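Content type compact mmCIF, C-alpha atoms, from the file model03.txt:
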# COMPACT_ATOMS: atom_id res chain seq x y z
CA MET R 1 72.65 100.56 41.40
CA ARG R 2 70.50 101.55 44.38
CA VAL R 3 69.33 98.49 46.29
CA ILE R 4 66.14 99.03 48.27
CA LEU R 5 64.48 96.62 50.68
CA ALA R 6 60.72 97.35 50.72
CA SER R 7 60.07 95.76 54.11
CA ALA R 8 59.91 96.95 57.70
CA SER R 9 61.14 93.61 59.10
CA PRO R 10 64.45 93.93 60.98
CA ARG R 11 64.96 90.20 60.35
CA ARG R 12 64.78 90.63 56.57
CA LYS R 13 67.28 93.47 56.85
CA GLU R 14 69.70 91.16 58.68
CA LEU R 15 69.21 88.40 56.11
CA LEU R 16 69.73 90.70 53.13
CA LYS R 17 73.16 91.58 54.56
CA LYS R 18 74.22 88.09 53.47
CA LEU R 19 73.86 89.28 49.87
CA PHE R 20 74.46 93.05 49.86
CA THR R 21 76.79 95.15 51.96
CA ASP R 22 75.00 98.35 51.10
CA PHE R 23 71.24 98.88 50.75
CA GLU R 24 68.43 101.15 51.90
CA VAL R 25 65.23 100.22 53.71
CA VAL R 26 62.02 101.91 52.56
CA CYS R 27 58.92 100.52 54.23
CA ALA R 28 55.90 99.94 52.04
CA THR R 29 52.70 101.57 53.25
CA GLY R 30 49.08 100.72 52.58
CA SER R 31 46.89 97.83 53.64
CA GLU R 32 47.74 94.26 52.67
CA THR R 33 44.88 92.72 50.69
CA TYR R 34 45.03 89.87 48.23
CA THR R 35 42.84 88.14 45.66
CA ALA R 36 44.88 84.93 45.20
CA SER R 37 43.88 81.78 47.04
CA ARG R 38 46.97 79.56 47.01
CA PRO R 39 49.57 80.48 49.69
CA SER R 40 52.43 80.63 47.16
CA ASP R 41 50.36 83.04 45.03
CA ILE R 42 49.26 85.13 48.02
CA VAL R 43 52.81 85.85 49.19
CA GLN R 44 53.90 86.72 45.66
CA GLU R 45 50.93 89.07 45.26
CA LEU R 46 51.65 90.79 48.58
CA SER R 47 55.40 91.07 47.97
CA ARG R 48 54.72 92.56 44.53
CA GLN R 49 52.40 95.14 46.11
CA LYS R 50 55.15 96.17 48.51
CA ALA R 51 57.82 96.47 45.83
CA GLU R 52 55.53 98.36 43.45
CA GLU R 53 54.24 100.76 46.12
CA VAL R 54 57.80 101.75 47.02
CA GLU R 55 58.75 101.95 43.35
CA ARG R 56 55.80 104.28 42.57
CA ARG R 57 56.61 106.47 45.55
CA LEU R 58 60.34 106.80 44.79
CA PHE R 59 60.42 106.65 41.00
CA GLY R 60 56.84 107.28 39.86
CA ALA R 61 57.81 110.55 38.19
CA CYS R 62 60.44 108.81 36.05
CA GLY R 63 59.99 106.90 32.83
CA THR R 64 60.04 109.76 30.34
CA LYS R 65 62.74 110.54 27.84
CA GLU R 66 63.74 113.63 29.82
CA ASN R 67 63.68 111.75 33.14
CA PRO R 68 64.42 108.07 32.49
CA TYR R 69 64.36 105.47 35.21
CA PRO R 70 67.58 105.38 37.23
CA ASP R 71 69.23 102.06 38.02
CA TYR R 72 67.67 100.32 40.99
CA LEU R 73 66.69 97.01 42.52
CA ILE R 74 63.65 96.99 44.80
CA LEU R 75 62.95 93.87 46.84
CA GLY R 76 59.54 93.24 48.41
CA ALA R 77 58.84 90.14 50.51
CA ASP R 78 55.96 88.63 52.41
CA THR R 79 55.68 85.57 54.64
CA VAL R 80 52.63 83.53 55.70
CA VAL R 81 52.25 80.32 57.65
CA THR R 82 49.71 77.67 56.64
CA CYS R 83 48.57 74.90 58.93
CA ASN R 84 45.91 72.34 58.00
CA GLY R 85 44.68 74.57 55.19
CA ARG R 86 44.42 77.72 57.30
CA ILE R 87 46.50 80.79 56.56
CA LEU R 88 48.15 82.46 59.54
CA GLY R 89 49.55 85.96 59.34
CA LYS R 90 50.74 88.01 62.31
CA PRO R 91 48.58 87.61 65.42
CA ASP R 92 46.42 90.61 66.32
CA ASP R 93 46.64 89.97 70.06
CA GLU R 94 47.85 87.48 72.68
CA LEU R 95 44.69 85.38 72.40
CA GLN R 96 45.22 84.91 68.68
CA ALA R 97 48.93 84.15 69.22
CA THR R 98 47.90 81.48 71.75
CA GLN R 99 45.41 79.96 69.30
CA MET R 100 48.03 79.88 66.54
CA LEU R 101 50.63 78.17 68.74
CA LYS R 102 48.05 75.58 69.84
CA MET R 103 47.46 74.80 66.17
CA LEU R 104 51.20 74.46 65.43
CA ALA R 105 52.22 72.43 68.50
CA GLY R 106 53.03 68.77 67.81
CA THR R 107 52.48 69.04 64.07
CA THR R 108 54.07 70.16 60.78
CA HIS R 109 53.17 73.41 59.07
CA GLN R 110 54.34 75.28 55.97
CA VAL R 111 56.02 78.66 55.76
CA TYR R 112 55.74 80.50 52.45
CA THR R 113 57.83 83.53 51.65
CA GLY R 114 57.24 85.40 48.42
CA VAL R 115 59.82 87.70 46.88
CA ALA R 116 59.18 90.37 44.27
CA LEU R 117 62.04 92.10 42.49
CA ALA R 118 61.62 95.30 40.50
CA ILE R 119 64.81 95.89 38.54
CA SER R 120 65.60 98.93 36.48
CA SER R 121 68.90 99.05 34.62
CA LYS R 122 69.96 101.18 31.68
CA GLY R 123 66.37 102.22 31.00
CA LYS R 124 65.09 98.63 30.95
CA ARG R 125 62.71 97.50 33.66
CA GLN R 126 61.95 93.91 34.63
CA SER R 127 59.92 92.17 37.35
CA ILE R 128 60.62 88.80 38.89
CA THR R 129 58.56 87.09 41.57
CA PHE R 130 58.88 83.70 43.16
CA ALA R 131 57.87 81.90 46.35
CA GLU R 132 59.67 79.34 48.49
CA CYS R 133 58.10 76.88 50.94
CA THR R 134 59.69 75.36 54.04
CA ASN R 135 58.17 72.66 56.27
CA VAL R 136 58.46 73.22 60.01
CA ARG R 137 57.67 70.60 62.65
CA PHE R 138 56.95 71.70 66.23
CA TYR R 139 57.45 69.59 69.33
CA PRO R 140 54.27 69.20 71.39
CA MET R 141 53.82 72.19 73.74
CA THR R 142 52.02 72.40 77.06
CA ASP R 143 49.52 75.20 77.72
CA LYS R 144 52.01 76.55 80.27
CA GLU R 145 54.78 76.69 77.67
CA ILE R 146 52.51 78.43 75.19
CA ALA R 147 51.37 80.98 77.79
CA ALA R 148 54.98 81.70 78.85
CA TYR R 149 56.10 82.09 75.24
CA VAL R 150 53.20 84.41 74.37
CA HIS R 151 53.94 86.41 77.52
CA SER R 152 57.54 86.92 76.31
CA GLY R 153 56.12 89.13 73.54
CA GLU R 154 58.14 87.43 70.81
CA PRO R 155 55.15 85.97 68.90
CA MET R 156 53.38 89.29 68.36
CA ASP R 157 54.97 90.69 65.18
CA LYS R 158 55.62 87.37 63.46
CA ALA R 159 53.64 85.32 60.92
CA GLY R 160 52.30 82.20 62.66
CA GLY R 161 53.07 83.65 66.09
CA TYR R 162 56.67 82.46 66.54
CA GLY R 163 60.25 83.41 65.77
CA LEU R 164 62.52 80.56 64.64
CA GLN R 165 65.59 82.70 65.23
CA GLY R 166 64.51 83.61 68.76
CA ILE R 167 63.24 81.72 71.79
CA GLY R 168 60.77 80.03 69.42
CA GLY R 169 63.66 77.96 68.09
CA ARG R 170 63.43 75.73 71.16
CA PHE R 171 60.06 74.36 70.04
CA VAL R 172 61.06 73.52 66.45
CA GLN R 173 61.91 69.83 66.13
CA THR R 174 62.87 69.87 62.45
CA ILE R 175 62.72 72.07 59.43
CA GLU R 176 62.85 70.88 55.84
CA GLY R 177 64.02 73.51 53.41
CA ASP R 178 65.76 76.88 53.75
CA TYR R 179 65.63 78.00 57.40
CA GLN R 180 66.20 81.59 56.27
CA ASN R 181 62.89 81.37 54.40
CA VAL R 182 61.14 80.80 57.74
CA ILE R 183 62.76 83.93 59.19
CA GLY R 184 61.54 85.97 56.23
CA LEU R 185 63.78 85.73 53.17
CA PRO R 186 64.79 82.70 51.05
CA VAL R 187 68.42 83.85 50.88
CA ALA R 188 69.78 80.79 49.07
CA LYS R 189 67.12 80.81 46.31
CA LEU R 190 67.45 84.59 45.98
CA TYR R 191 71.21 84.22 45.54
CA GLN R 192 70.63 81.64 42.79
CA VAL R 193 68.13 83.96 41.06
CA PHE R 194 70.59 86.87 41.22
CA GLN R 195 73.28 84.73 39.54
CA LYS R 196 71.04 84.58 36.46
CA ILE R 197 70.34 88.33 36.24
CA GLU R 198 73.24 90.02 34.53
CA GLU R 199 72.19 93.46 35.81
CA ILE R 200 72.81 92.36 39.41
CA ALA R 201 76.40 92.35 40.62
CA LEU R 202 76.68 91.08 44.18
CA PRO R 203 79.51 92.68 46.16
CA PHE R 204 81.11 89.27 46.58
CA MET A 1 72.73 77.09 90.11
CA ARG A 2 75.78 78.26 88.17
CA VAL A 3 75.39 77.58 84.45
CA ILE A 4 78.69 77.27 82.59
CA LEU A 5 79.18 76.89 78.85
CA ALA A 6 82.43 75.01 78.24
CA SER A 7 82.95 76.26 74.69
CA ALA A 8 84.82 79.11 73.04
CA SER A 9 82.31 79.38 70.17
CA PRO A 10 80.56 82.78 70.07
CA ARG A 11 77.78 81.08 68.09
CA ARG A 12 77.08 78.58 70.89
CA LYS A 13 76.98 81.46 73.34
CA GLU A 14 74.31 83.19 71.22
CA LEU A 15 72.29 79.97 70.92
CA LEU A 16 72.42 79.22 74.65
CA LYS A 17 70.79 82.61 75.28
CA LYS A 18 67.59 81.03 73.92
CA LEU A 19 67.53 78.85 77.05
CA PHE A 20 69.32 80.80 79.81
CA THR A 21 69.43 84.50 80.50
CA ASP A 22 72.44 84.20 82.77
CA PHE A 23 75.46 81.94 82.28
CA GLU A 24 79.27 81.99 82.26
CA VAL A 25 81.61 80.93 79.49
CA VAL A 26 84.71 78.95 80.51
CA CYS A 27 86.67 77.65 77.53
CA ALA A 28 87.97 74.11 77.74
CA THR A 29 91.69 73.73 77.11
CA GLY A 30 93.70 70.74 75.94
CA SER A 31 93.92 68.94 72.64
CA GLU A 32 90.88 67.29 71.09
CA THR A 33 91.54 63.58 70.56
CA TYR A 34 89.03 60.78 70.31
CA THR A 35 88.89 57.00 70.23
CA ALA A 36 85.33 56.57 68.92
CA SER A 37 84.72 55.88 65.25
CA ARG A 38 81.07 56.78 64.64
CA PRO A 39 80.44 60.54 64.20
CA SER A 40 77.68 60.59 66.83
CA ASP A 41 80.04 58.92 69.32
CA ILE A 42 82.98 61.18 68.42
CA VAL A 43 81.07 64.39 69.13
CA GLN A 44 79.77 62.99 72.41
CA GLU A 45 83.28 61.95 73.44
CA LEU A 46 84.72 65.36 72.58
CA SER A 47 81.91 67.29 74.26
CA ARG A 48 82.32 65.16 77.40
CA GLN A 49 86.04 65.94 77.44
CA LYS A 50 85.29 69.66 77.31
CA ALA A 51 82.68 69.55 80.08
CA GLU A 52 84.85 67.36 82.33
CA GLU A 53 88.00 69.41 81.79
CA VAL A 54 86.19 72.58 82.88
CA GLU A 55 84.54 70.71 85.76
CA ARG A 56 87.91 69.42 87.04
CA ARG A 57 89.48 72.85 86.76
CA LEU A 58 86.67 74.69 88.57
CA PHE A 59 85.41 72.09 91.02
CA GLY A 60 88.16 69.45 91.17
CA ALA A 61 88.88 70.22 94.81
CA CYS A 62 85.26 69.61 95.80
CA GLY A 63 83.54 66.33 96.50
CA THR A 64 84.53 65.86 100.13
CA LYS A 65 82.27 66.07 103.16
CA GLU A 66 83.97 69.31 104.22
CA ASN A 67 83.78 70.77 100.70
CA PRO A 68 80.83 69.24 98.87
CA TYR A 69 80.09 69.97 95.22
CA PRO A 70 78.21 73.25 94.74
CA ASP A 71 75.20 73.36 92.41
CA TYR A 72 76.21 73.74 88.79
CA LEU A 73 75.41 72.80 85.22
CA ILE A 74 78.33 72.55 82.80
CA LEU A 75 77.58 72.21 79.11
CA GLY A 76 80.20 70.98 76.62
CA ALA A 77 79.48 70.69 72.91
CA ASP A 78 81.30 69.65 69.77
CA THR A 79 80.33 69.71 66.09
CA VAL A 80 81.70 67.76 63.13
CA VAL A 81 80.61 67.51 59.51
CA THR A 82 80.65 64.20 57.66
CA CYS A 83 80.52 63.89 53.88
CA ASN A 84 80.72 60.58 52.01
CA GLY A 85 82.17 58.86 55.07
CA ARG A 86 84.85 61.49 55.73
CA ILE A 87 84.91 63.54 58.92
CA LEU A 88 85.52 67.25 58.51
CA GLY A 89 86.49 69.43 61.45
CA LYS A 90 87.69 73.03 61.20
CA PRO A 91 89.97 73.69 58.21
CA ASP A 92 93.64 74.27 59.04
CA ASP A 93 94.16 76.69 56.16
CA GLU A 94 92.53 78.16 53.05
CA LEU A 95 93.56 75.20 50.89
CA GLN A 96 91.81 72.78 53.23
CA ALA A 97 88.73 75.04 53.39
CA THR A 98 88.63 75.03 49.58
CA GLN A 99 88.89 71.23 49.48
CA MET A 100 86.07 70.87 52.03
CA LEU A 101 83.75 73.20 50.12
CA LYS A 102 84.45 71.32 46.87
CA MET A 103 83.36 68.14 48.65
CA LEU A 104 80.16 69.74 49.99
CA ALA A 105 79.06 71.59 46.82
CA GLY A 106 76.08 70.06 45.02
CA THR A 107 75.55 67.28 47.54
CA THR A 108 74.10 66.47 50.99
CA HIS A 109 76.23 66.12 54.12
CA GLN A 110 75.57 65.50 57.79
CA VAL A 111 76.27 67.77 60.72
CA TYR A 112 76.61 66.11 64.13
CA THR A 113 76.64 68.07 67.34
CA GLY A 114 77.26 66.31 70.62
CA VAL A 115 76.25 67.78 73.96
CA ALA A 116 77.59 66.73 77.36
CA LEU A 117 75.95 67.95 80.55
CA ALA A 118 77.61 67.68 83.96
CA ILE A 119 75.00 68.49 86.58
CA SER A 120 75.63 68.83 90.27
CA SER A 121 72.69 69.58 92.55
CA LYS A 122 72.33 69.10 96.29
CA GLY A 123 75.45 66.93 96.43
CA LYS A 124 74.24 64.63 93.64
CA ARG A 125 76.15 64.59 90.36
CA GLN A 126 74.86 63.29 87.05
CA SER A 127 76.12 63.20 83.46
CA ILE A 128 74.02 63.24 80.31
CA THR A 129 75.30 63.12 76.75
CA PHE A 130 73.51 62.98 73.45
CA ALA A 131 74.10 63.80 69.79
CA GLU A 132 71.87 65.26 67.11
CA CYS A 133 72.26 64.96 63.34
CA THR A 134 71.06 67.39 60.68
CA ASN A 135 71.23 66.88 56.90
CA VAL A 136 72.41 69.85 54.85
CA ARG A 137 72.19 70.08 51.07
CA PHE A 138 74.41 72.54 49.21
CA TYR A 139 73.67 74.07 45.82
CA PRO A 140 76.42 73.43 43.25
CA MET A 141 79.21 76.01 43.60
CA THR A 142 81.65 77.29 40.97
CA ASP A 143 85.39 77.42 41.74
CA LYS A 144 85.06 81.21 41.67
CA GLU A 145 82.31 81.15 44.30
CA ILE A 146 84.34 78.83 46.51
CA ALA A 147 87.45 81.01 46.18
CA ALA A 148 85.50 84.18 47.00
CA TYR A 149 83.85 82.55 50.01
CA VAL A 150 87.16 81.21 51.35
CA HIS A 151 88.70 84.65 50.79
CA SER A 152 85.96 86.18 53.00
CA GLY A 153 87.57 84.38 55.97
CA GLU A 154 84.23 83.01 57.22
CA PRO A 155 85.07 79.30 56.64
CA MET A 156 88.21 79.26 58.76
CA ASP A 157 86.94 78.64 62.29
CA LYS A 158 83.98 76.45 61.38
CA ALA A 159 83.50 72.69 61.11
CA GLY A 160 83.14 71.76 57.45
CA GLY A 161 84.42 75.17 56.36
CA TYR A 162 81.14 77.13 56.27
CA GLY A 163 78.80 79.13 58.47
CA LEU A 164 75.08 78.52 57.92
CA GLN A 165 74.24 81.67 59.87
CA GLY A 166 76.61 83.80 57.80
CA ILE A 167 77.29 84.32 54.11
CA GLY A 168 77.46 80.51 53.86
CA GLY A 169 73.67 80.46 54.15
CA ARG A 170 73.39 81.50 50.50
CA PHE A 171 74.77 78.13 49.35
CA VAL A 172 72.48 75.93 51.47
CA GLN A 173 69.55 74.66 49.40
CA THR A 174 67.80 72.74 52.18
CA ILE A 175 68.38 71.52 55.67
CA GLU A 176 66.53 68.64 57.29
CA GLY A 177 66.52 68.77 61.08
CA ASP A 178 67.33 71.46 63.65
CA TYR A 179 69.14 74.34 61.92
CA GLN A 180 70.53 75.42 65.29
CA ASN A 181 72.35 72.08 65.45
CA VAL A 182 74.27 73.07 62.32
CA ILE A 183 75.34 76.34 63.94
CA GLY A 184 76.62 74.46 66.99
CA LEU A 185 73.92 73.60 69.52
CA PRO A 186 70.75 71.49 69.15
CA VAL A 187 68.67 74.01 71.09
CA ALA A 188 65.31 72.29 70.63
CA LYS A 189 66.52 68.83 71.72
CA LEU A 190 68.43 70.39 74.61
CA TYR A 191 65.27 72.19 75.74
CA GLN A 192 63.38 68.87 75.65
CA VAL A 193 66.13 67.18 77.69
CA PHE A 194 66.06 69.97 80.28
CA GLN A 195 62.29 69.52 80.70
CA LYS A 196 62.99 66.02 82.03
CA ILE A 197 65.69 67.04 84.53
CA GLU A 198 64.04 68.31 87.66
CA GLU A 199 67.24 70.02 88.87
CA ILE A 200 67.16 72.38 85.87
CA ALA A 201 64.82 75.34 86.09
CA LEU A 202 64.88 77.41 82.91
CA PRO A 203 64.26 81.11 83.50
CA PHE A 204 61.17 80.89 81.31
Would you put the structure from the file into structure tokens?
Amino acid sequence: MRVILASASPRRKELLKKLFTDFEVVCATGSETYTASRPSDIVQELSRQKAEEVERRLFGACGTKENPYPDYLILGADTVVTCNGRILGKPDDELQATQMLKMLAGTTHQVYTGVALAISSKGKRQSITFAECTNVRFYPMTDKEIAAYVHSGEPMDKAGGYGLQGIGGRFVQTIEGDYQNVIGLPVAKLYQVFQKIEEIALPF
Amino acid sequence: MRVILASASPRRKELLKKLFTDFEVVCATGSETYTASRPSDIVQELSRQKAEEVERRLFGACGTKENPYPDYLILGADTVVTCNGRILGKPDDELQATQMLKMLAGTTHQVYTGVALAISSKGKRQSITFAECTNVRFYPMTDKEIAAYVHSGEPMDKAGGYGLQGIGGRFVQTIEGDYQNVIGLPVAKLYQVFQKIEEIALPF
């Protein structure tokens, strides 16, 4: 079975190595727009878009009797941060990263990661989506600390403007939940889901 | 100021990079024995032993008027896992790793990491020790999963017989606290402590 990660995030690639030894990365293209309003629905909608876009592109010509679907697993994922009811994606620029970090400092926020699986096996296709939430509490931060962290460049390509696995980890007082979910993939939940899908055989 | 990590753990080395760009690693030698009984005291006692052993070895001949102490920061650390009142260090063999994982599966345990700092600056020497605790909840595990995980070799050099940052992360349902503490160094607390020590200037 071909395993395909439909995400450009190098962090998700690293995390998926905890489950599969061998998989491909095919980045989803197209703009990210959503109609849902609840964070857990938004990340599932966006992750489904990614998985389905890659599926259409790679296997769109399949599905006929002459050319049936091959066996594959496509995994899309999306992460957003919510703080006091506001949804934070990736910052557009340093000013926005600074504003996000000022919101997060000294308080608790939520990180939602949605996962969408498109599974095709023996001509049968199924979809599974779920979302996982982790609470993250930041220590208070001074303006100087925020400015230095933004200047490091780390916040720029990350939802909420920080990287738990990087220098950002020094500001995180506690997390409550799966820390891998904060980095971009709820590995433990995903492993549990895979245990219930007989088509998926993990290499270990 | 020379910064010296008195620990052989490659994971601590990676975590310390979140605070310092430039430091040395000098492994402490000697057996690990303790007299304390509470986990938070045990890890502080053991981390102090590591820091002081390296300090004696490198700077033992200093401390006189002719040869005063140079400027340095030595960091020792030690991690233990406790589960239902039992203290788990690194497993001696696969059987012990299996027994540890059977204890942890489906329940919550505590990870304690102690940190000892020996700081010498401008002829003044100070010691600081502290411990941090993180709760970790494991999903239930089948005997087959435990056997496969032990067979992977990952549990063998790790307190409690698992690596959160490795394949072990798939079994961890939630953590409550600093996830970096579970891997071997409470980076966030350590950063906060450094902010209060005027002799320590972090590179960023």
Which chain R residues have any atom within 6 Å of an atom of chain A, and for each, what is the nearest pair of atoms with distance in Å to one decimal, counting only C-alpha atoms, rows sorted by chain and number, as CSV?
residue,atom,partner,partner_atom,distance
R:Lys18,CA,A:Ile167,CA,4.9
R:Ile167,CA,A:Lys18,CA,4.9
R:Arg170,CA,A:Ala188,CA,4.0
R:Phe171,CA,A:Ala188,CA,5.7
R:Thr174,CA,A:Gly177,CA,4.1
R:Ile175,CA,A:Gly177,CA,5.3
R:Glu176,CA,A:Glu176,CA,4.5
R:Gly177,CA,A:Thr174,CA,4.0
R:Asp178,CA,A:Thr174,CA,4.9
R:Val187,CA,A:Arg170,CA,5.5
R:Ala188,CA,A:Arg170,CA,3.9
Spatial neighbours of segment 78-84 of chain A, max dist 7 Å, all atoms listed in the file, sep filter under 4 positions, as a list in words:
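That gives Val43, Leu46, Ser47, Leu88, Gly89, His109, Gln110, Val111, Tyr112, Thr113, Gly114, Val115, Ala159, Gly160 and Gly184 of chain A.
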Considering only C-alpha atoms, can you say which of A:Pro10, A:Gly161, A:Gly30, A:Pro39 comes closest to Leu185 of chain A?
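Between A:Pro10, A:Gly161, A:Gly30, A:Pro39, the residue approaching Leu185 of chain A most closely is A:Pro10.
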Env of Gln49 of chain R: 10 Å cut, atoms = only C-alpha atoms, seq-sep filter 3 positions within chain, self excluded. Answer as a PyMOL selection string.
chain R and resi 6+28-34+43-46+52-55+76-78+116
With C-alpha atoms kept, could you save the residues just selected as a PDB file, in the frame of the given file?
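What follows is the written file result11.pdb:
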ATOM      1  CA  ALA R   6      60.720  97.350  50.720  1.00  0.00           C
ATOM      2  CA  ALA R  28      55.900  99.940  52.040  1.00  0.00           C
ATOM      3  CA  THR R  29      52.700 101.570  53.250  1.00  0.00           C
ATOM      4  CA  GLY R  30      49.080 100.720  52.580  1.00  0.00           C
ATOM      5  CA  SER R  31      46.890  97.830  53.640  1.00  0.00           C
ATOM      6  CA  GLU R  32      47.740  94.260  52.670  1.00  0.00           C
ATOM      7  CA  THR R  33      44.880  92.720  50.690  1.00  0.00           C
ATOM      8  CA  TYR R  34      45.030  89.870  48.230  1.00  0.00           C
ATOM      9  CA  VAL R  43      52.810  85.850  49.190  1.00  0.00           C
ATOM     10  CA  GLN R  44      53.900  86.720  45.660  1.00  0.00           C
ATOM     11  CA  GLU R  45      50.930  89.070  45.260  1.00  0.00           C
ATOM     12  CA  LEU R  46      51.650  90.790  48.580  1.00  0.00           C
ATOM     13  CA  GLU R  52      55.530  98.360  43.450  1.00  0.00           C
ATOM     14  CA  GLU R  53      54.240 100.760  46.120  1.00  0.00           C
ATOM     15  CA  VAL R  54      57.800 101.750  47.020  1.00  0.00           C
ATOM     16  CA  GLU R  55      58.750 101.950  43.350  1.00  0.00           C
ATOM     17  CA  GLY R  76      59.540  93.240  48.410  1.00  0.00           C
ATOM     18  CA  ALA R  77      58.840  90.140  50.510  1.00  0.00           C
ATOM     19  CA  ASP R  78      55.960  88.630  52.410  1.00  0.00           C
ATOM     20  CA  ALA R 116      59.180  90.370  44.270  1.00  0.00           C
TER      21      ALA R 116
END
To one decimal in Å, tell me the separation between atom CA of Ser40 of chain R and atom CA of Phe130 of chain R.
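Distance reported for this atom pair: 8.2 Å.
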Between atom CA of Ala97 of chain R and atom CA of Lys196 of chain A, distance in Å (one decimal)
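Atom-to-atom, atom CA of Ala97 of chain R to atom CA of Lys196 of chain A, that is 26.3 Å.
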Polymer residues at most 7 Å from Asp71 of chain R, all atoms listed in the file, same-chain spacing of 6 or more positions, as a list in words
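Contacts, with the query itself left out: Met1, Arg2, Ser120, Ser121 and Lys122 of chain R.
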Where is the centre and how long are the edges: axis-aligned box on segment 105-117 of chain R, 8 Å on each side, Å to one decimal, as AutoDock Vina command-line options:
--center_x 57.1 --center_y 80.4 --center_z 55.5 --size_x 25.8 --size_y 39.3 --size_z 42.0
To one decimal place, how far is atom CA of Thr108 of chain R from atom CA of Lys158 of chain R in Å?
17.5 Å
Residues at most 8 Å from Val25 of chain R, counting only C-alpha atoms, excluding those fewer than 6 positions away in the same chain, as a short mmCIF file (atom, residue, chain, number, x, y, z; two decimals) with C-alpha atoms, in the coordinates of the input?
data_model
loop_
_atom_site.label_atom_id
_atom_site.label_comp_id
_atom_site.auth_asym_id
_atom_site.auth_seq_id
_atom_site.Cartn_x
_atom_site.Cartn_y
_atom_site.Cartn_z
CA ILE R 4 66.14 99.03 48.27
CA LEU R 5 64.48 96.62 50.68
CA ALA R 6 60.72 97.35 50.72
CA SER R 7 60.07 95.76 54.11
CA ALA R 8 59.91 96.95 57.70
CA LYS R 13 67.28 93.47 56.85
#
Given all atoms listed in the file as the basis, pick out the residue of R:Asp143, R:Glu132, R:Glu199, R:Glu14 nearest to Thr98 of chain R.
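With all atoms listed in the file as the atom set, the closest residue is R:Asp143.
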Just want the 12 Å neighbourhood of Pro70 of chain R, counted on all atoms listed in the file, with same-chain residues fewer than 3 positions away dropped. Output as a PyMOL selection string.
chain R and resi 1-3+55+58-67+73-74+119-125
Go ahead and write the selection's residues with C-alpha atoms as a PDB file, in the coordinates of the input.
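Output below, filename result.pdb:
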ATOM      1  CA  MET R   1      72.650 100.560  41.400  1.00  0.00           C
ATOM      2  CA  ARG R   2      70.500 101.550  44.380  1.00  0.00           C
ATOM      3  CA  VAL R   3      69.330  98.490  46.290  1.00  0.00           C
ATOM      4  CA  GLU R  55      58.750 101.950  43.350  1.00  0.00           C
ATOM      5  CA  LEU R  58      60.340 106.800  44.790  1.00  0.00           C
ATOM      6  CA  PHE R  59      60.420 106.650  41.000  1.00  0.00           C
ATOM      7  CA  GLY R  60      56.840 107.280  39.860  1.00  0.00           C
ATOM      8  CA  ALA R  61      57.810 110.550  38.190  1.00  0.00           C
ATOM      9  CA  CYS R  62      60.440 108.810  36.050  1.00  0.00           C
ATOM     10  CA  GLY R  63      59.990 106.900  32.830  1.00  0.00           C
ATOM     11  CA  THR R  64      60.040 109.760  30.340  1.00  0.00           C
ATOM     12  CA  LYS R  65      62.740 110.540  27.840  1.00  0.00           C
ATOM     13  CA  GLU R  66      63.740 113.630  29.820  1.00  0.00           C
ATOM     14  CA  ASN R  67      63.680 111.750  33.140  1.00  0.00           C
ATOM     15  CA  LEU R  73      66.690  97.010  42.520  1.00  0.00           C
ATOM     16  CA  ILE R  74      63.650  96.990  44.800  1.00  0.00           C
ATOM     17  CA  ILE R 119      64.810  95.890  38.540  1.00  0.00           C
ATOM     18  CA  SER R 120      65.600  98.930  36.480  1.00  0.00           C
ATOM     19  CA  SER R 121      68.900  99.050  34.620  1.00  0.00           C
ATOM     20  CA  LYS R 122      69.960 101.180  31.680  1.00  0.00           C
ATOM     21  CA  GLY R 123      66.370 102.220  31.000  1.00  0.00           C
ATOM     22  CA  LYS R 124      65.090  98.630  30.950  1.00  0.00           C
ATOM     23  CA  ARG R 125      62.710  97.500  33.660  1.00  0.00           C
TER      24      ARG R 125
END
Return the single residue from A:Leu104, A:Ile128, A:Leu95, A:Ile197 that is closest to Ala147 of chain A, with distances computed using all atoms listed in the file.
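That would be A:Leu95, the residue with the smallest distance to Ala147 of chain A.
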